[in-house]
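K.L.:
protein_24.pdb is reproduced below (PDB, C-alpha atoms, pLDDT in the B column).
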```pdb
ATOM      1  CA  MET U1322     171.634  76.855  75.628  1.00 59.00           C
ATOM      2  CA  ALA U1323     175.024  75.299  75.915  1.00 79.00           C
ATOM      3  CA  THR U1324     174.684  71.573  76.559  1.00 94.00           C
ATOM      4  CA  LYS U1325     172.958  68.562  75.049  1.00 94.00           C
ATOM      5  CA  ALA U1326     170.867  68.185  78.227  1.00 94.00           C
ATOM      6  CA  GLU U1327     169.586  71.763  77.892  1.00 94.00           C
ATOM      7  CA  PHE U1328     168.826  71.138  74.225  1.00 93.00           C
ATOM      8  CA  ILE U1329     166.870  67.993  75.120  1.00 93.00           C
ATOM      9  CA  GLN U1330     164.937  69.951  77.762  1.00 92.00           C
ATOM     10  CA  ALA U1331     164.015  72.607  75.178  1.00 91.00           C
ATOM     11  CA  VAL U1332     162.755  69.882  72.819  1.00 92.00           C
ATOM     12  CA  ALA U1333     160.851  68.281  75.707  1.00 92.00           C
ATOM     13  CA  ASP U1334     159.151  71.614  76.406  1.00 91.00           C
ATOM     14  CA  ARG U1335     157.930  71.625  72.795  1.00 88.00           C
ATOM     15  CA  LEU U1336     156.721  68.020  73.214  1.00 86.00           C
ATOM     16  CA  ASP U1337     154.529  68.814  76.242  1.00 85.00           C
ATOM     17  CA  GLY U1338     157.241  67.920  78.757  1.00 83.00           C
ATOM     18  CA  ASP U1339     157.958  64.387  77.508  1.00 88.00           C
ATOM     19  CA  ARG U1340     161.697  64.250  78.241  1.00 92.00           C
ATOM     20  CA  LYS U1341     162.011  60.561  77.337  1.00 92.00           C
ATOM     21  CA  ALA U1342     160.630  61.155  73.833  1.00 92.00           C
ATOM     22  CA  ALA U1343     162.796  64.254  73.413  1.00 93.00           C
ATOM     23  CA  THR U1344     165.944  62.331  74.390  1.00 95.00           C
ATOM     24  CA  ALA U1345     165.091  59.555  71.937  1.00 94.00           C
ATOM     25  CA  ALA U1346     164.400  62.075  69.151  1.00 93.00           C
ATOM     26  CA  VAL U1347     167.619  64.072  69.652  1.00 94.00           C
ATOM     27  CA  ASP U1348     169.769  60.936  69.964  1.00 95.00           C
ATOM     28  CA  GLY U1349     168.094  59.422  66.896  1.00 96.00           C
ATOM     29  CA  VAL U1350     168.785  62.504  64.767  1.00 95.00           C
ATOM     30  CA  ILE U1351     172.417  62.699  65.871  1.00 95.00           C
ATOM     31  CA  LYS U1352     173.086  58.976  65.298  1.00 96.00           C
ATOM     32  CA  THR U1353     171.466  59.131  61.854  1.00 96.00           C
ATOM     33  CA  ILE U1354     173.668  62.072  60.872  1.00 95.00           C
ATOM     34  CA  TYR U1355     176.751  60.181  62.152  1.00 95.00           C
ATOM     35  CA  ALA U1356     175.888  57.066  60.146  1.00 95.00           C
ATOM     36  CA  HIS U1357     175.239  58.843  56.833  1.00 96.00           C
ATOM     37  CA  VAL U1358     178.262  61.136  57.036  1.00 95.00           C
ATOM     38  CA  ALA U1359     180.506  58.177  57.959  1.00 93.00           C
ATOM     39  CA  LYS U1360     179.357  56.449  54.735  1.00 93.00           C
ATOM     40  CA  GLY U1361     180.417  59.526  52.764  1.00 92.00           C
ATOM     41  CA  GLU U1362     176.869  60.770  52.132  1.00 94.00           C
ATOM     42  CA  SER U1363     175.803  64.325  52.781  1.00 94.00           C
ATOM     43  CA  VAL U1364     172.870  65.085  55.071  1.00 95.00           C
ATOM     44  CA  ARG U1365     170.784  68.076  53.956  1.00 96.00           C
ATOM     45  CA  LEU U1366     168.301  69.545  56.399  1.00 94.00           C
ATOM     46  CA  THR U1367     166.396  72.183  54.420  1.00 93.00           C
ATOM     47  CA  GLY U1368     166.763  75.599  56.005  1.00 91.00           C
ATOM     48  CA  PHE U1369     169.154  74.321  58.679  1.00 93.00           C
ATOM     49  CA  GLY U1370     172.216  73.201  56.739  1.00 95.00           C
ATOM     50  CA  THR U1371     174.293  70.421  55.227  1.00 96.00           C
ATOM     51  CA  PHE U1372     176.673  67.984  56.925  1.00 96.00           C
ATOM     52  CA  GLU U1373     179.213  66.319  54.646  1.00 95.00           C
ATOM     53  CA  ARG U1374     182.473  64.431  54.828  1.00 95.00           C
ATOM     54  CA  SER U1375     185.555  66.108  53.446  1.00 93.00           C
ATOM     55  CA  SER U1376     188.765  64.284  52.517  1.00 93.00           C
ATOM     56  CA  ARG U1377     192.193  65.809  52.959  1.00 93.00           C
ATOM     57  CA  PRO U1378     194.913  64.222  50.814  1.00 95.00           C
ATOM     58  CA  ALA U1379     198.277  63.124  52.208  1.00 95.00           C
ATOM     59  CA  ARG U1380     200.767  65.973  52.162  1.00 95.00           C
ATOM     60  CA  THR U1381     204.139  67.144  53.390  1.00 95.00           C
ATOM     61  CA  GLY U1382     204.180  69.664  56.213  1.00 95.00           C
ATOM     62  CA  ARG U1383     206.802  71.302  58.420  1.00 95.00           C
ATOM     63  CA  ASN U1384     207.448  70.950  62.108  1.00 94.00           C
ATOM     64  CA  PRO U1385     207.233  74.575  63.298  1.00 94.00           C
ATOM     65  CA  ARG U1386     209.747  74.030  66.099  1.00 94.00           C
ATOM     66  CA  THR U1387     212.544  72.425  64.056  1.00 94.00           C
ATOM     67  CA  GLY U1388     211.609  73.265  60.455  1.00 93.00           C
ATOM     68  CA  GLU U1389     211.933  69.570  59.599  1.00 95.00           C
ATOM     69  CA  SER U1390     209.703  68.081  56.843  1.00 95.00           C
ATOM     70  CA  VAL U1391     206.952  65.801  58.138  1.00 95.00           C
ATOM     71  CA  LYS U1392     204.614  63.510  56.185  1.00 96.00           C
ATOM     72  CA  ILE U1393     200.951  64.043  57.081  1.00 95.00           C
ATOM     73  CA  LYS U1394     198.576  61.136  56.426  1.00 96.00           C
ATOM     74  CA  LYS U1395     195.343  61.342  54.439  1.00 95.00           C
ATOM     75  CA  SER U1396     192.432  62.221  56.735  1.00 94.00           C
ATOM     76  CA  ASN U1397     188.695  62.866  56.721  1.00 93.00           C
ATOM     77  CA  SER U1398     186.792  65.601  58.491  1.00 93.00           C
ATOM     78  CA  VAL U1399     183.223  66.876  58.637  1.00 94.00           C
ATOM     79  CA  LYS U1400     182.055  70.142  57.140  1.00 95.00           C
ATOM     80  CA  PHE U1401     178.848  71.940  58.002  1.00 95.00           C
ATOM     81  CA  ARG U1402     177.374  74.605  55.757  1.00 95.00           C
ATOM     82  CA  PRO U1403     174.486  76.506  57.332  1.00 94.00           C
ATOM     83  CA  GLY U1404     171.285  76.913  55.317  1.00 94.00           C
ATOM     84  CA  ALA U1405     169.659  80.210  54.353  1.00 92.00           C
ATOM     85  CA  GLU U1406     167.118  80.191  57.195  1.00 93.00           C
ATOM     86  CA  PHE U1407     169.810  79.388  59.769  1.00 92.00           C
ATOM     87  CA  LYS U1408     172.014  82.214  58.442  1.00 93.00           C
ATOM     88  CA  ALA U1409     169.081  84.638  58.605  1.00 92.00           C
ATOM     89  CA  MET U1410     168.391  83.757  62.235  1.00 90.00           C
ATOM     90  CA  ALA U1411     172.063  83.950  63.189  1.00 90.00           C
ATOM     91  CA  SER U1412     172.419  87.381  61.590  1.00 89.00           C
ATOM     92  CA  GLY U1413     169.247  88.646  63.275  1.00 87.00           C
ATOM     93  CA  THR U1414     167.306  89.384  60.075  1.00 86.00           C
ATOM     94  CA  LYS U1415     164.760  86.698  60.993  1.00 80.00           C
ATOM     95  CA  LYS U1416     163.396  86.147  64.483  1.00 78.00           C
ATOM     96  CA  PRO U1417     163.195  82.565  65.841  1.00 73.00           C
ATOM     97  CA  GLU U1418     159.823  81.133  66.808  1.00 73.00           C
ATOM     98  CA  LYS U1419     159.008  81.311  70.472  1.00 70.00           C
ATOM     99  CA  ALA U1420     158.585  78.011  72.304  1.00 58.00           C
ATOM    100  CA  PRO U1421     154.983  77.294  73.251  1.00 57.00           C
ATOM    101  CA  ALA U1422     154.069  78.218  76.801  1.00 57.00           C
ATOM    102  CA  LYS U1423     154.106  75.374  79.303  1.00 54.00           C
ATOM    103  CA  LYS U1424     150.669  74.024  80.132  1.00 53.00           C
ATOM    104  CA  SER U1425     150.010  73.843  83.846  1.00 49.00           C
ATOM    105  CA  ALA U1426     147.163  72.171  85.721  1.00 47.00           C
ATOM    106  CA  ALA U1427     146.303  75.234  87.822  1.00 45.00           C
ATOM    107  CA  PRO U1428     145.493  78.593  86.189  1.00 46.00           C
ATOM    108  CA  ALA U1429     148.083  81.290  86.719  1.00 47.00           C
ATOM    109  CA  LYS U1430     147.267  83.821  89.434  1.00 47.00           C
ATOM    110  CA  LYS U1431     148.165  87.464  89.185  1.00 46.00           C
ATOM    111  CA  SER U1432     149.900  88.865  92.223  1.00 45.00           C
ATOM    112  CA  ALA U1433     151.450  92.098  93.399  1.00 45.00           C
ATOM    113  CA  ALA U1434     154.879  90.467  93.744  1.00 46.00           C
ATOM    114  CA  PRO U1435     156.107  91.589  90.314  1.00 46.00           C
ATOM    115  CA  ALA U1436     155.221  95.211  91.137  1.00 46.00           C
ATOM    116  CA  LYS U1437     157.229  95.027  94.353  1.00 46.00           C
ATOM    117  CA  LYS U1438     160.082  93.440  92.491  1.00 46.00           C
ATOM    118  CA  SER U1439     160.172  96.229  89.931  1.00 47.00           C
ATOM    119  CA  ALA U1440     160.028  98.864  92.684  1.00 47.00           C
ATOM    120  CA  ALA U1441     162.986  97.194  94.376  1.00 46.00           C
ATOM    121  CA  ALA U1442     164.794  97.076  91.061  1.00 49.00           C
ATOM    122  CA  ALA U1443     164.103 100.789  90.561  1.00 48.00           C
ATOM    123  CA  LYS U1444     165.560 101.607  94.000  1.00 49.00           C
ATOM    124  CA  SER U1445     168.607  99.484  93.236  1.00 48.00           C
ATOM    125  CA  THR U1446     169.074 101.251  89.904  1.00 50.00           C
ATOM    126  CA  ALA U1447     168.731 104.655  91.574  1.00 50.00           C
ATOM    127  CA  ARG U1448     171.374 103.706  94.163  1.00 52.00           C
ATOM    128  CA  THR U1449     173.717 102.432  91.463  1.00 49.00           C
ATOM    129  CA  THR U1450     173.261 105.606  89.409  1.00 48.00           C
ATOM    130  CA  ALA U1451     173.892 107.774  92.479  1.00 50.00           C
ATOM    131  CA  ALA U1452     177.024 105.786  93.299  1.00 49.00           C
ATOM    132  CA  ARG U1453     178.298 106.194  89.727  1.00 49.00           C
ATOM    133  CA  THR U1454     177.657 109.933  89.799  1.00 47.00           C
ATOM    134  CA  THR U1455     179.472 110.288  93.130  1.00 48.00           C
ATOM    135  CA  ALA U1456     182.350 108.162  91.875  1.00 48.00           C
ATOM    136  CA  ARG U1457     182.688 110.314  88.783  1.00 49.00           C
ATOM    137  CA  LYS U1458     182.741 113.557  90.769  1.00 51.00           C
ATOM    138  CA  ALA U1459     185.369 112.429  93.290  1.00 48.00           C
ATOM    139  CA  PRO U1460     188.262 111.959  90.841  1.00 50.00           C
ATOM    140  CA  ALA U1461     187.433 115.241  89.092  1.00 50.00           C
ATOM    141  CA  THR U1462     187.804 117.142  92.401  1.00 49.00           C
ATOM    142  CA  LYS U1463     191.046 115.353  93.184  1.00 51.00           C
ATOM    143  CA  SER U1464     192.576 116.096  89.797  1.00 49.00           C
ATOM    144  CA  SER U1465     191.668 119.799  90.006  1.00 49.00           C
ATOM    145  CA  ALA U1466     193.336 119.994  93.453  1.00 49.00           C
ATOM    146  CA  THR U1467     196.438 118.347  91.983  1.00 51.00           C
ATOM    147  CA  LYS U1468     196.489 120.815  89.105  1.00 54.00           C
ATOM    148  CA  SER U1469     196.274 123.832  91.422  1.00 52.00           C
ATOM    149  CA  THR U1470     199.089 122.439  93.615  1.00 53.00           C
ATOM    150  CA  ALA U1471     201.221 121.907  90.517  1.00 53.00           C
ATOM    151  CA  ARG U1472     200.578 125.500  89.380  1.00 54.00           C
ATOM    152  CA  LYS U1473     201.598 126.891  92.780  1.00 56.00           C
ATOM    153  CA  SER U1474     204.856 124.922  92.831  1.00 52.00           C
ATOM    154  CA  THR U1475     205.751 126.077  89.294  1.00 53.00           C
ATOM    155  CA  ALA U1476     205.011 129.662  90.268  1.00 51.00           C
ATOM    156  CA  ARG U1477     207.336 129.393  93.291  1.00 53.00           C
ATOM    157  CA  LYS U1478     210.148 127.978  91.169  1.00 55.00           C
ATOM    158  CA  ALA U1479     209.751 130.765  88.614  1.00 53.00           C
ATOM    159  CA  THR U1480     209.956 133.526  91.277  1.00 55.00           C
ATOM    160  CA  ALA U1481     212.839 131.873  93.118  1.00 54.00           C
ATOM    161  CA  GLY U1482     215.022 131.510  90.027  1.00 51.00           C
TER     162      GLY U1482
END
```
So, in terms of C-alpha cells, how does the structure I just supplied come out?

P.N.:
Amino acid sequence: MATKAEFIQAVADRLDGDRKAATAAVDGVIKTIYAHVAKGESVRLTGFGTFERSSRPARTGRNPRTGESVKIKKSNSVKFRPGAEFKAMASGTKKPEKAPAKKSAAPAKKSAAPAKKSAAAAKSTARTTAARTTARKAPATKSSATKSTARKSTARKATAG
C-alpha cells in the first residue's frame, strides 16, 4: 500500500465496502492529529505510536559551498515514535491481522481454471529453468575452448624460442 487512496480502500474493505465512511474516518483521524500536534500536544495511539512537536532552537550553521557562517531560525518539526506493537509487526515478530474476506452476493464457485493456471506456471518454470541451465553451460564451453587455445599458443612460443 503506497497511497492514501489505497489506504482508504483497505479501510473500506474492513467497513463492508463503505468507501465514503472510510474516507471520512481516515480524513478525520489525520486532521485531528494535525490539530493537536500544531497546538504542541502529543498524540498517543496505544500500540501504534506517538506524534509530537519538536522545537529546534535558533543556531549558527555553515554554508557548505563557501564556508560562510549562516544564522538558522528557530523551527518546529514533528517526531513520530512507533509503539511496541508497531515495532513488533515491522520486525516480523508479530503477524498482522488479515483483513476480513469480502462478502459477495453470489456464492463462490470452484472451477478448474486455477489448476490450468498452475500447470501453465509449471511449464513456464520448467522452460525458465531449462533456459538457465543452457545459458550456464554455454559460457563454460566457451571458456574451456579459450583456455585450450591459450595453452596451444604458449606451447608454440616455448618451442619456437

K.L.:
For U:Leu1366, find every residue with an atom within 12 Å (counting all atoms listed in the file), except residues of its own chain fewer than 3 positions away, and show them as a ChimeraX atom specification.

P.N.:
/U:1350,1354,1363,1369-1373,1401-1407

K.L.:
By how many Å are atom CA of U:Arg1380 and atom CA of U:Ser1396 apart?

P.N.:
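If I compute the distance from atom CA of U:Arg1380 to atom CA of U:Ser1396, I get 10.2 Å.
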
K.L.:
Please indicate the distance in Å from atom CA of U:Thr1344 to atom CA of U:Gln1330, rounded to one decimal place.

P.N.:
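Calculated distance between atom CA of U:Thr1344 and atom CA of U:Gln1330 is 8.4 Å.
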
K.L.:
Rounded to one decimal, what separation in Å do you get between atom CA of U:Lys1352 and atom CA of U:Arg1365?

P.N.:
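Separation of atom CA of U:Lys1352 and atom CA of U:Arg1365: 14.7 Å.
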
K.L.:
Here is a test: counting all atoms listed in the file, which residue of U:Thr1353, U:Leu1336, U:Lys1394, U:Ile1329 is nearest to U:Thr1381?

P.N.:
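Distance minimum relative to U:Thr1381 lands on U:Lys1394.
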
K.L.:
Once the PyMOL selection byres ((chain U and resi 1343) around 12) has been evaluated on this model, what residues remain selected, and can you format them as a list in words?

P.N.:
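Applying the expression gives Lys1325, Ala1326, Glu1327, Phe1328, Ile1329, Gln1330, Ala1331, Val1332, Ala1333, Asp1334, Arg1335, Leu1336, Asp1337, Gly1338, Asp1339, Arg1340, Lys1341, Ala1342, Thr1344, Ala1345, Ala1346, Val1347, Asp1348, Gly1349 and Val1350 of chain U.
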
K.L.:
Could the residues in this selection be saved with C-alpha atoms as a short mmCIF file (atom, residue, chain, number, x, y, z; two decimals), in the coordinates of the input?

P.N.:
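Okay, part.cif is ready:
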```cif
data_model
loop_
_atom_site.label_atom_id
_atom_site.label_comp_id
_atom_site.auth_asym_id
_atom_site.auth_seq_id
_atom_site.Cartn_x
_atom_site.Cartn_y
_atom_site.Cartn_z
CA LYS U 1325 172.96 68.56 75.05
CA ALA U 1326 170.87 68.18 78.23
CA GLU U 1327 169.59 71.76 77.89
CA PHE U 1328 168.83 71.14 74.22
CA ILE U 1329 166.87 67.99 75.12
CA GLN U 1330 164.94 69.95 77.76
CA ALA U 1331 164.02 72.61 75.18
CA VAL U 1332 162.76 69.88 72.82
CA ALA U 1333 160.85 68.28 75.71
CA ASP U 1334 159.15 71.61 76.41
CA ARG U 1335 157.93 71.62 72.80
CA LEU U 1336 156.72 68.02 73.21
CA ASP U 1337 154.53 68.81 76.24
CA GLY U 1338 157.24 67.92 78.76
CA ASP U 1339 157.96 64.39 77.51
CA ARG U 1340 161.70 64.25 78.24
CA LYS U 1341 162.01 60.56 77.34
CA ALA U 1342 160.63 61.16 73.83
CA THR U 1344 165.94 62.33 74.39
CA ALA U 1345 165.09 59.56 71.94
CA ALA U 1346 164.40 62.08 69.15
CA VAL U 1347 167.62 64.07 69.65
CA ASP U 1348 169.77 60.94 69.96
CA GLY U 1349 168.09 59.42 66.90
CA VAL U 1350 168.78 62.50 64.77
#
```

K.L.:
Give me the box for stretch 1377-1389 of chain U as lines of an AutoDock Vina configuration file, namely the centre and edge lengths in Å to one decimal of a box along x, y and z that holds every listed atom plus 5 Å on each side.

P.N.:
```
center_x = 202.4
center_y = 68.8
center_z = 58.5
size_x = 30.4
size_y = 21.5
size_z = 25.3
```
